[in-house]
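Student: The structure under discussion is supplied below as structure tokens; questions concerning it will follow.
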Amino acid sequence: MRDEDPTEIPESRTNPYLMGHEAAEKDYLNAWSSGRLAHAWMICGPRGIGKATLAYRMARFALAQGGDDQGADMFGAPPPPKSLAMSENDPVFRRVAAGGHGDFRIVERPWSDTKQTKRKTVIGVDEVREIGTFMSMTPAEGGWRAVIIDAADEMNANAANAVLKVLEEPPRRALLFLVAHNPDRLLPTIRSRCRRLDLRPLTQTQVTTLMGRYRPDIKAADVTALSVLADGSIGRAMELADEGGVALFRDLMSLLGDAPRLNISRLHALSDKAMKGDAFRTLTGLLSWWLARMATEGARGNLETLAEIIPGERELARKLLSSATPAAWADVWDKIGHLARRTDAVNLDKKRSLMLMLMTVETAATHGKAA
């Protein structure tokens with residue numbers, strides 16, 4: 001528990017609030033009102049920007065509409081809906097949030113342990129096996145049936161093929177929502193049978209606004225830093241806030257400021273932090289992100305206009321780019337990413353791995369290329 005008790009970001013199924021994706025909501029509502037509603041929707045974009053939250057809004061809206069004549073009276077049908085917003089007190093909202101709506105199902109990666117502390121790496125065929133049967137049944141409440149798969153690009157081959165069979169013969173009055181972080185991982189035949197909504201990353205202003213809503217305990221300077229580090233993802237900003245990401249980023253920049261020769265004491269001190277909690281993942285993610293940012297802006301010639309997250313960051317980027325080309329730093333980025341994935345896959349020593357990554361940076365700063 002934190003010293004203060006700020007508002008936590010709700011899970012997607014319980015979150016009535018969404019920002020930044022009004023165009024996608026409008027596309028769905030227009031399709032609904034025109035009578036040309038697709039039976040399957042693929043909601044794409046980076047992690048943590050609100051894709052699943054939008055999917056729940058779309059599903060709840062459909063479930064709340066009832067039968068074909070819902071809302072009709074002696075004056076005809078009601079005007080077209082203008083929003084997917086729904087009160088948290090609405091019975092449909094509450095039953096979907098509680099997992100108790102008879103016409104709704106959510107498919108996610110199953111838990112890998114009985115204490116439900118970690119999920120499996122993929123969605124298997126067992127998790128999607130009953131989708132077809134469920135969607136083809138008569139809706140329990142006379143309206144629609146809805147299924148969300150979060151995330152569809154986490155399905156294994158057998159699960160994907162099972163979903164494809166449903167898409168090939170879509171049941172009547174049933175909707176399938178596929179949340180996809182990396183849609184290119186899905187079968188082309190699945191992608192071609194879905195109406196696609198591409199969600200853009202949030203703006204820094206939107207991330208800042210949402211951080212004020214969910215984490216009012218964080219001081220303004222750190223919120224500003226988080227809004228840049230998160231790259232348009234409120235989910236990532238929240239993770240970094242919980243993991244002390246701003247402080248770790250400052251430590252990382254301070255260490256890299258000693259380049260081309262890194263201070264050995266600072267190197268060990270920062271690497272020691274990688275052994276605590278999720279600090280290794282956070283530090284390697286920040287290092288990879290910053291190197292990619294530096295190399296990209298350097299290649300584009302935009303270094304002089306680079307917005308600083310902390311004072312001196314632009315000068316550090318200028319110094320490193322004078323030592324090696326953007327292409328060389330891209331090679332460093334690739335090597336660091338490979339080592340991070342290998343460390344996670346085979347449980348290598350995190351401190352040693354982080355030190356190797358930072359020494360790769362040192363080598364590039366000294367000799368102009370990665371080791």
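Each chain of the structure tokens is named A, B, ... in the order shown, its residues numbered from 1; ligands are numbered from 1 in display order.
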If you run DSSP on the backbone here, which positions in region 152-210 of chain A get alpha helix (DSSP H)? Please write them as an MDAnalysis selection string.
Tutor: chainID A and resid 157:168 188:191 204:210
Student: Please provide the set of residues having any atom within 12 Å of Ala345 (chain A), restricted to only C-alpha atoms, with same-chain residues fewer than 6 positions apart removed, written as an NGL selection string.
Tutor: :A and (121 or 338-339)
Student: Could you write out the selected residues, including N, CA and C atoms, as an mmCIF file, in the first residue's frame?
Tutor:
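The resulting file, selection_17.cif, is shown below:
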data_model
loop_
_atom_site.group_PDB
_atom_site.id
_atom_site.type_symbol
_atom_site.label_atom_id
_atom_site.label_comp_id
_atom_site.auth_asym_id
_atom_site.auth_seq_id
_atom_site.Cartn_x
_atom_site.Cartn_y
_atom_site.Cartn_z
ATOM 1 N N THR A 121 1.341 -17.781 -21.151
ATOM 2 C CA THR A 121 1.859 -16.905 -22.204
ATOM 3 C C THR A 121 0.947 -16.836 -23.421
ATOM 4 N N HIS A 338 18.016 -8.085 -27.522
ATOM 5 C CA HIS A 338 18.267 -9.532 -27.576
ATOM 6 C C HIS A 338 18.692 -10.058 -26.212
ATOM 7 N N LEU A 339 19.584 -9.346 -25.533
ATOM 8 C CA LEU A 339 20.058 -9.790 -24.224
ATOM 9 C C LEU A 339 18.931 -9.741 -23.190
#
Student: I need the residue nearest Pro170 (chain A) from this list: A:His39, A:Arg109, A:Arg314, A:Arg13. Use only C-alpha atoms for the distance.
Tutor: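 Residue with the minimum atom-to-atom distance to Pro170 (chain A): A:His39.
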Student: If we count only C-alpha atoms, what is near region 351-363 of chain A at a cut-off of 6 Å, once residues fewer than 3 positions away on the same chain are taken out, given as a ChimeraX atom specification?
Tutor: /A:260,271,274,336,366-367,370
Student: Would you save the residues from that selection as an mmCIF file, in the first residue's frame, using C-alpha atoms?
Tutor:
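Writing done, so here's part30.cif:
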data_model
loop_
_atom_site.group_PDB
_atom_site.id
_atom_site.type_symbol
_atom_site.label_atom_id
_atom_site.label_comp_id
_atom_site.auth_asym_id
_atom_site.auth_seq_id
_atom_site.Cartn_x
_atom_site.Cartn_y
_atom_site.Cartn_z
ATOM 1 C CA PRO A 260 32.389 7.450 -22.965
ATOM 2 C CA SER A 271 22.873 -2.681 -11.664
ATOM 3 C CA ALA A 274 17.967 -4.343 -11.250
ATOM 4 C CA ILE A 336 20.338 -4.853 -25.763
ATOM 5 C CA THR A 366 34.336 4.799 -27.038
ATOM 6 C CA HIS A 367 34.908 3.013 -30.351
ATOM 7 C CA ALA A 370 28.792 -2.026 -30.596
#
Student: Which of region 9-190 of chain A end up as strand (DSSP E) when DSSP is run on this backbone - answer as a list in words?
Tutor: Ala40, Trp41, Met42, Ile43, Cys44, Phe104, Arg105, Ile106, Val107, Arg145, Ala146, Val147, Ile148, Ile149, Asp150, Ala174, Leu175, Leu176, Phe177, Leu178, Val179 and Ala180 of chain A
Student: Taking into account only C-alpha atoms, which residue in the set A:Lys273, A:Lys219, A:Arg341, A:Arg105 is nearest to Leu175 (chain A)?
Tutor: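 When distances to Leu175 (chain A) are compared using only C-alpha atoms, the smallest one comes from A:Arg105.
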Student: Calculated over only C-alpha atoms, which of the candidates A:Leu270, A:Ala40, A:Thr224, A:Asp113 has the smallest distance to Val166 (chain A)?
Tutor: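 Residue with the minimum atom-to-atom distance to Val166 (chain A): A:Ala40.
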Student: Have a look at CA of Ser322 (chain A) and CA of Ala365 (chain A) and let me know their distance in Å, one decimal.
Tutor: 8.5 Å
Student: Can you tell me, as a PyMOL selection string, what residues are no more than 9 Å from Ser83 (chain A) when counting only C-alpha atoms, ignoring any on the same chain fewer than 6 positions away?
Tutor: chain A and resi 22+25-26+29
Student: Neighbouring residues of Lys120 (chain A) were defined as those with any atom within 6 Å, considering only C-alpha atoms; residues of the same chain fewer than 6 positions away were excluded. Please report them as a list in words.
Tutor: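 With the cut-off at 6 Å, the set is Arg109, Pro110, Trp111 and Ser112 of chain A.
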Student: Store the residues picked out above, limited to N, CA and C atoms, as a PDB file, in the first residue's frame.
Tutor:
ATOM      1  N   ARG A 109      -5.877 -14.940 -21.514  1.00  0.00           N
ATOM      2  CA  ARG A 109      -4.913 -15.978 -21.152  1.00  0.00           C
ATOM      3  C   ARG A 109      -5.268 -16.527 -19.780  1.00  0.00           C
ATOM      4  N   PRO A 110      -5.306 -17.846 -19.628  1.00  0.00           N
ATOM      5  CA  PRO A 110      -5.685 -18.424 -18.331  1.00  0.00           C
ATOM      6  C   PRO A 110      -4.584 -18.263 -17.294  1.00  0.00           C
ATOM      7  N   TRP A 111      -4.960 -18.378 -16.043  1.00  0.00           N
ATOM      8  CA  TRP A 111      -3.983 -18.326 -14.964  1.00  0.00           C
ATOM      9  C   TRP A 111      -3.110 -19.566 -14.992  1.00  0.00           C
ATOM     10  N   SER A 112      -1.850 -19.381 -14.650  1.00  0.00           N
ATOM     11  CA  SER A 112      -0.918 -20.512 -14.639  1.00  0.00           C
ATOM     12  C   SER A 112      -0.768 -21.112 -13.252  1.00  0.00           C
TER      13      SER A 112
END
